[in-house]
Amino acid sequence: MPVPPPRVPLRLPHVVCSLVLLALLAGCGAGGFAGTDVSGATTEQVRINGVPGPPEVAAGVPSRGASPVPPAPAASPQPTELPGLGPKTRAAVPATARQAFVVTGDSADSNRSTAVLYTRDGPAGPGWRATLGPWPAHNALNGWTGEHWEGDLRSPVGVFTLTAAGGRLAPPDTALPYDLSPDFAVTGEGFHGEPLEGSFDYVVAIDYNRLPGTSPLDHTRPLGEERGGGIWVHVDHGGPTQGCVSVTEDRMKELLGALDPAMEPVIVMGDAESLGR
């Protein structure tokens with residue numbers, strides 16, 4: 001009787017097993033599995049509203065037919081600062097001030113300056129912008145000083161409020177308190193022999209060593225008489241001053257028309273090097 005051949009277990013080829021395994025995997029949900037793109041980089045699907053989304057959405061790139069992903073919002077521009085001022089001078093400008101009349105001297109010993117009025121909408125607004133000027137201006141005969149004394153013929157360096165105006169002539173339209181008085185009359189000659197008459201037809205008091213809000217003619221000196229006073233912006237007479245800042249008559253009228261107490265105006269004055277600190 002012939003002996004039957006031994007039973008040998010049936011073995012599927014490796015290729016068939018691999019195909020079966022892939023078919024099983026394909027039948028599972030794709031969400032939660034990682035794949036490999038053509039570049040070999042690992043991508044990951046992201047669920048959107050509970051539904052798996054394509055890997056491209058996770059990478060910030062819209063898939064075909066998908067809505068574009070909006071770009072990130074651009075950073076807000078920094079507010080424009082007052083030009084030419086260093087950190088120390090900028091820090092002295094009150095945060096509530098929205099007008100700054102910046103008078104920049106050519107040098108510490110020069111009596112010639114440049115004046116610009118800057119305005120801003122608010123502390124959180126777009127920043128400072130020039131609204132008047134630049135104008136040529138004069139300052140004291142000997143230039144500037146960080147410590148003004150009576151008779152030194154130098155203009156004080158610093159940031160000072162502007163709270164009152166006055167003059168011999170009726171003012172143009174101005175929101176500043178205005179003292180109309182014949183006591184603003186002046187005679188004599190300037191340092192170069194130029195006539196001083198009319199220099200005080202219009203003035204804006206600079207609140208250096210004075211009581212803010214009072215008439216420019218007020219002689220109260222909180223720091224003492226020896227520290228000088230009566231420092232004004234006034235009509236230019238064609239030469240250097242004893243301590244004031246001067247611009248031409250038509251520009252004085254423009255300045256008076258622009259300054260607004262509600263904007264808490266200040267004057268920032270000094271030589272360029274000092275203001276740059």
# chains A, B, ... in the order shown; residues from 1 in each chain; ligands from 1
>>> residues_around(residues="Phe160 of chain A", least_positions_apart="4", cutoff="6 Å", atoms="only C-alpha atoms", output="number ranges by chain")
A: 207, 266-267
>>> write_last_selection(atoms="N, CA and C atoms", output="short mmCIF file (atom, residue, chain, number, x, y, z; two decimals), in the first residue's frame")
data_model
loop_
_atom_site.label_atom_id
_atom_site.label_comp_id
_atom_site.auth_asym_id
_atom_site.auth_seq_id
_atom_site.Cartn_x
_atom_site.Cartn_y
_atom_site.Cartn_z
N ASP A 207 7.04 129.19 30.04
CA ASP A 207 6.92 128.99 31.49
C ASP A 207 8.23 128.56 32.14
N VAL A 266 3.72 122.63 24.63
CA VAL A 266 5.01 122.86 25.28
C VAL A 266 5.97 123.40 24.24
N ILE A 267 7.03 124.03 24.72
CA ILE A 267 8.15 124.40 23.86
C ILE A 267 9.34 123.55 24.28
#
>>> residues_around(residues="Ala92 of chain A", least_positions_apart="6", cutoff="10 Å", atoms="only C-alpha atoms", output="list in words")
Gly158, Val159, Phe160 and Val268 of chain A
>>> closest_residue(among="A:Val157, A:Trp144, A:Leu217, A:His192", to="Thr89 of chain A", atoms="only C-alpha atoms")
A:Val157
>>> atom_distance(atom1="atom CA of Leu256 of chain A", atom2="atom CA of Leu169 of chain A")
12.7 Å
>>> closest_residue(among="A:Gly243, A:Gly133, A:Gly86, A:Pro177", to="Leu255 of chain A", atoms="only C-alpha atoms")
A:Gly133
